[in-house]
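This report concerns only the one structure given below.
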Amino acid sequence: MADMRQRTRVLVVAIVVSFIAFLDGAVINVALPAIERELGGGLTLQQWAVDAYLLTLGSLILLAGSLSDSFGRVRIIVAGLAVFGIASVAAALAPDGVLFVLARGVQGIGGALLVPSSLALIISTFPQAEQSRAIGRWTAWTTAAFLIGPLLGGVLVDLVSWRLVFWINVLPIAAAFWLVRGLDAEARPEARARIDWVGAVLGVVGLGGTVFALIEQGRWGWASPGVWVPLVVGVAGLAAFLWWEARSPAPMLPLSLFRARNFVVGNLSTFFVYAGFSLGPFAITIFLQEVAGFSATAAGLATLPPTVLMVLLGSVFGSWAGRIGPRLFMFAGPLLFAAGFLWTLQVHEPVDYWVQFLPGIVLFGLGMSVTVAPLTAAILGAVDPARAGIGSAVNNAISRIAGLLAIAGIGLVAGTGLDVGGYQRTAVATAVLLTIGGIVSGIGIRNPPRERLSEPG
């Protein structure tokens, strides 16, 4: 294992590169109404602005995990930074919705290269007894992207333009390039693993067709060939993906990983929990601006409490989970989050943020703080450190795909817009998803033996 100085450097690099990928996820919701006003497209464009990024991120992150294990985490991080930077500039310059969505898709490719490699650096550098605490710190500090993002994005949108939301990526990318230079690139394996390009294509086709149908059904209806044909192709692509992964000599989704109980249960819980994590805040941010009349800056401030709690408490709950095991936290956290959304069901016009939203927002922020680090540590702790890249990629892919499908399907719940009734239905759907995730963890997760849990401190 690396010495303490090297571990600190690795943790800083992991935090910065993940910050870059997460910053756009934090900023974009606040900017959606302004983007729609300039480029048009209604709720459909707003869905695509989020889902184009999540589509490529979720479908390619598994491939990126394999690339990370084959070519080295540092090399893949450098490539991801370059792709993300170029795509950010393209999004900032986009003259219409089509080119903007395409640029967001390329950003997702860059994000796919960054996220699993950053977590894999932590897992391969820190001893197991220190991993929960390190992941807790990573979670807390990368959450700063969600703290800074909505406020900074709101200010930029209100005072200048939503386009600056993408120009600001240049600064952290430049800092990351400088930091990565201080790490030694891992030696390439003598027998480099084969890359599963067929699986990658099937994953993109499967997710792309399904998501396209879910988003566009609101405009065209399920009977339209423009909807049901992509849906059939998407479902067939996903089925072919699983068939191929079970038979491929070098699968990008090694099904053998799912022999570990905590890996299976943790990722199943991740699907439901992160679907709720994505759907609920997406709905709140748009509702506060389009119905409650908040400015982008005010909406950013209104949604800050959860990220403040994550920064303050994320590493604390990560450390506690390292001492007593993750099961309790993975059960209770999503239920707290769900209770927060149920609180917001009392919303009506005129909107009273302080009574109808703030208590619920604080409650689901606490739920996030309780859940995230223990969930991540439980899943990655079930994976051999030599396969940390692909293990991290699987979990990240599932979380992103969950958010992708949840946002793509919001029209099925909310209808054509997020008015009071549409928001309330979305809040109930969010609470149901989170409750299922918590119950899955409570029933299925097993705490590690006491001798493997970290010591206090």
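Chain identifiers are assigned as A, B, and so on, following the order in which chains appear in the structure tokens; residues are numbered from 1 within each chain, and ligands are numbered from 1 in order of appearance.
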
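The residue set within 12 Å of range 231-234 of chain A, counting only C-alpha atoms and dropping same-chain residues fewer than 4 places from it, reads A:Val201, A:Leu202, A:Gly203, A:Val204, A:Val205, A:Gly206, A:Leu207, A:Gly208, A:Gly209, A:Thr210, A:Val211, A:Phe212, A:Ala213, A:Leu214, A:Ile215, A:Glu216, A:Gln217, A:Trp222, A:Ala223, A:Ser224, A:Pro225, A:Gly226, A:Val227, A:Leu238, A:Ala239, A:Ala240, A:Phe241.
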
Produce a table with one row for each residue of range 123-213 of chain A that has an atom at most 12 Å from any atom of range 282-305 of chain A, each row naming the nearest atom pair and its distance in Å at one decimal; use only C-alpha atoms; arrange rows by chain and rising residue number; format as a tab-separated table.
```
residue	atom	partner	partner_atom	distance
A:Thr143	CA	A:Leu304	CA	10.9
A:Ala144	CA	A:Leu304	CA	10.3
A:Ala145	CA	A:Leu304	CA	11.0
A:Phe146	CA	A:Leu304	CA	7.9
A:Leu147	CA	A:Leu304	CA	6.0
A:Ile148	CA	A:Leu304	CA	8.6
A:Gly149	CA	A:Gly300	CA	7.9
A:Pro150	CA	A:Gly300	CA	4.2
A:Leu151	CA	A:Gly300	CA	4.6
A:Leu152	CA	A:Thr297	CA	7.7
A:Gly153	CA	A:Thr297	CA	7.3
A:Gly154	CA	A:Thr297	CA	3.7
A:Val155	CA	A:Thr297	CA	5.1
A:Leu156	CA	A:Thr297	CA	8.3
A:Val157	CA	A:Ala296	CA	6.6
A:Asp158	CA	A:Ala296	CA	6.3
A:Leu159	CA	A:Thr297	CA	9.3
A:Val160	CA	A:Ala296	CA	11.6
A:Ser161	CA	A:Ala296	CA	10.9
A:Trp162	CA	A:Ala296	CA	9.9
A:Val165	CA	A:Ala296	CA	11.9
```

Write the residues you've just listed into a file as a PDB file, in the first residue's frame, and include N, CA and C atoms for each of them.
```pdb
ATOM      1  N   THR A 143     -19.469  16.012  -2.688  1.00  0.00           N
ATOM      2  CA  THR A 143     -20.796  16.611  -2.510  1.00  0.00           C
ATOM      3  C   THR A 143     -20.710  18.129  -2.529  1.00  0.00           C
ATOM      4  N   ALA A 144     -19.513  18.670  -2.336  1.00  0.00           N
ATOM      5  CA  ALA A 144     -19.340  20.121  -2.459  1.00  0.00           C
ATOM      6  C   ALA A 144     -19.750  20.594  -3.856  1.00  0.00           C
ATOM      7  N   ALA A 145     -19.639  19.692  -4.851  1.00  0.00           N
ATOM      8  CA  ALA A 145     -20.110  20.051  -6.192  1.00  0.00           C
ATOM      9  C   ALA A 145     -21.598  20.342  -6.157  1.00  0.00           C
ATOM     10  N   PHE A 146     -22.329  19.536  -5.391  1.00  0.00           N
ATOM     11  CA  PHE A 146     -23.773  19.746  -5.273  1.00  0.00           C
ATOM     12  C   PHE A 146     -24.082  20.948  -4.382  1.00  0.00           C
ATOM     13  N   LEU A 147     -23.126  21.317  -3.514  1.00  0.00           N
ATOM     14  CA  LEU A 147     -23.287  22.502  -2.683  1.00  0.00           C
ATOM     15  C   LEU A 147     -23.034  23.769  -3.495  1.00  0.00           C
ATOM     16  N   ILE A 148     -21.937  23.770  -4.230  1.00  0.00           N
ATOM     17  CA  ILE A 148     -21.551  24.944  -5.011  1.00  0.00           C
ATOM     18  C   ILE A 148     -22.400  25.068  -6.274  1.00  0.00           C
ATOM     19  N   GLY A 149     -22.682  23.911  -6.904  1.00  0.00           N
ATOM     20  CA  GLY A 149     -23.317  23.912  -8.220  1.00  0.00           C
ATOM     21  C   GLY A 149     -24.610  24.689  -8.326  1.00  0.00           C
ATOM     22  N   PRO A 150     -25.642  24.366  -7.530  1.00  0.00           N
ATOM     23  CA  PRO A 150     -26.910  25.083  -7.699  1.00  0.00           C
ATOM     24  C   PRO A 150     -26.808  26.578  -7.447  1.00  0.00           C
ATOM     25  N   LEU A 151     -26.032  26.967  -6.429  1.00  0.00           N
ATOM     26  CA  LEU A 151     -25.901  28.387  -6.127  1.00  0.00           C
ATOM     27  C   LEU A 151     -25.119  29.110  -7.210  1.00  0.00           C
ATOM     28  N   LEU A 152     -23.954  28.552  -7.580  1.00  0.00           N
ATOM     29  CA  LEU A 152     -23.146  29.172  -8.626  1.00  0.00           C
ATOM     30  C   LEU A 152     -23.901  29.184  -9.950  1.00  0.00           C
ATOM     31  N   GLY A 153     -24.534  28.050 -10.271  1.00  0.00           N
ATOM     32  CA  GLY A 153     -25.302  27.990 -11.512  1.00  0.00           C
ATOM     33  C   GLY A 153     -26.430  29.001 -11.533  1.00  0.00           C
ATOM     34  N   GLY A 154     -27.133  29.139 -10.405  1.00  0.00           N
ATOM     35  CA  GLY A 154     -28.223  30.106 -10.342  1.00  0.00           C
ATOM     36  C   GLY A 154     -27.746  31.528 -10.550  1.00  0.00           C
ATOM     37  N   VAL A 155     -26.633  31.870  -9.923  1.00  0.00           N
ATOM     38  CA  VAL A 155     -26.081  33.221 -10.081  1.00  0.00           C
ATOM     39  C   VAL A 155     -25.683  33.472 -11.534  1.00  0.00           C
ATOM     40  N   LEU A 156     -25.012  32.485 -12.149  1.00  0.00           N
ATOM     41  CA  LEU A 156     -24.582  32.655 -13.541  1.00  0.00           C
ATOM     42  C   LEU A 156     -25.779  32.785 -14.480  1.00  0.00           C
ATOM     43  N   VAL A 157     -26.810  31.981 -14.243  1.00  0.00           N
ATOM     44  CA  VAL A 157     -28.006  32.044 -15.092  1.00  0.00           C
ATOM     45  C   VAL A 157     -28.709  33.380 -14.937  1.00  0.00           C
ATOM     46  N   ASP A 158     -28.862  33.845 -13.709  1.00  0.00           N
ATOM     47  CA  ASP A 158     -29.606  35.081 -13.468  1.00  0.00           C
ATOM     48  C   ASP A 158     -28.836  36.325 -13.909  1.00  0.00           C
ATOM     49  N   LEU A 159     -27.527  36.334 -13.684  1.00  0.00           N
ATOM     50  CA  LEU A 159     -26.746  37.544 -13.962  1.00  0.00           C
ATOM     51  C   LEU A 159     -26.157  37.585 -15.365  1.00  0.00           C
ATOM     52  N   VAL A 160     -25.838  36.431 -15.947  1.00  0.00           N
ATOM     53  CA  VAL A 160     -25.190  36.431 -17.263  1.00  0.00           C
ATOM     54  C   VAL A 160     -25.954  35.521 -18.226  1.00  0.00           C
ATOM     55  N   SER A 161     -25.683  34.219 -18.180  1.00  0.00           N
ATOM     56  CA  SER A 161     -26.284  33.279 -19.125  1.00  0.00           C
ATOM     57  C   SER A 161     -26.083  31.850 -18.629  1.00  0.00           C
ATOM     58  N   TRP A 162     -27.000  30.981 -19.002  1.00  0.00           N
ATOM     59  CA  TRP A 162     -26.834  29.560 -18.664  1.00  0.00           C
ATOM     60  C   TRP A 162     -25.592  28.975 -19.313  1.00  0.00           C
ATOM     61  N   VAL A 165     -22.566  28.178 -17.256  1.00  0.00           N
ATOM     62  CA  VAL A 165     -22.634  26.957 -16.447  1.00  0.00           C
ATOM     63  C   VAL A 165     -21.676  25.906 -16.995  1.00  0.00           C
TER      64      VAL A 165
END
```

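One finds CA of Leu433 in chain A at 23.4 Å from CA of Gly325 in chain A.
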
Checklist entry - A:Val235, A:Gly199, A:Ala378, A:Pro230: which is nearest Arg247 in chain A, counting only C-alpha atoms? => result A:Gly199

Neighbouring residues of range 273-281 of chain A were defined as those with any atom within 7 Å, considering only C-alpha atoms; residues of the same chain fewer than 6 positions away were excluded. Please report them as a PDB file with C-alpha atoms, in the first residue's frame.
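Ended up saving to selection_28.pdb:
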```
ATOM      1  CA  PRO A 334     -33.736   5.949   2.311  1.00  0.00           C
ATOM      2  CA  SER A 399     -27.022   4.515 -10.121  1.00  0.00           C
ATOM      3  CA  ALA A 402     -31.637   4.442 -12.384  1.00  0.00           C
ATOM      4  CA  GLY A 403     -31.644   8.243 -12.584  1.00  0.00           C
ATOM      5  CA  ALA A 406     -36.569   7.779 -13.551  1.00  0.00           C
ATOM      6  CA  ILE A 407     -36.261  11.155 -15.281  1.00  0.00           C
ATOM      7  CA  ALA A 427     -43.148  13.145  -4.866  1.00  0.00           C
ATOM      8  CA  THR A 430     -40.032   9.251  -5.314  1.00  0.00           C
ATOM      9  CA  LEU A 433     -38.776   4.169  -4.876  1.00  0.00           C
ATOM     10  CA  LEU A 434     -36.780   5.150  -1.796  1.00  0.00           C
ATOM     11  CA  GLY A 437     -34.564   0.633  -1.691  1.00  0.00           C
TER      12      GLY A 437
END
```

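Taking only C-alpha atoms into account, Val265 in chain A lies nearest to A:Ser441 out of the set A:Thr307, A:Gln346, A:Asn395, A:Ser441.
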
Set the distance at 7 Å and use only C-alpha atoms: which residues neighbour Met252 in chain A once local chain neighbours fewer than 5 positions away are removed? I'd like the list as an mmCIF file with N, CA and C atoms, in the first residue's frame.
```cif
data_model
loop_
_atom_site.group_PDB
_atom_site.id
_atom_site.type_symbol
_atom_site.label_atom_id
_atom_site.label_comp_id
_atom_site.auth_asym_id
_atom_site.auth_seq_id
_atom_site.Cartn_x
_atom_site.Cartn_y
_atom_site.Cartn_z
ATOM 1 N N LEU A 62 -19.435 1.052 -17.571
ATOM 2 C CA LEU A 62 -18.923 -0.304 -17.412
ATOM 3 C C LEU A 62 -17.696 -0.523 -18.289
ATOM 4 N N LEU A 63 -17.792 -0.078 -19.534
ATOM 5 C CA LEU A 63 -16.645 -0.169 -20.427
ATOM 6 C C LEU A 63 -15.472 0.618 -19.867
ATOM 7 N N SER A 66 -13.607 -1.279 -17.228
ATOM 8 C CA SER A 66 -12.687 -2.257 -17.808
ATOM 9 C C SER A 66 -11.438 -1.564 -18.343
ATOM 10 N N ASP A 196 -14.706 -5.246 -24.264
ATOM 11 C CA ASP A 196 -15.998 -5.748 -24.720
ATOM 12 C C ASP A 196 -16.745 -4.682 -25.520
ATOM 13 N N GLY A 199 -20.519 -5.568 -26.170
ATOM 14 C CA GLY A 199 -21.351 -5.258 -25.011
ATOM 15 C C GLY A 199 -21.636 -3.774 -24.891
#
```

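You will find CA of Val420 in chain A at 7.6 Å from CA of Glu349 in chain A.
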
Next on the checklist: Can you measure CA of Val362 in chain A to CA of Glu130 in chain A for me? One decimal in Å is fine.
Outcome noted: 29.3 Å

Next on the checklist: Considering only C-alpha atoms, can you say which of A:Ala103, A:Ala373, A:Leu57, A:Leu253 comes closest to Ala21 in chain A?
Outcome noted: A:Leu57
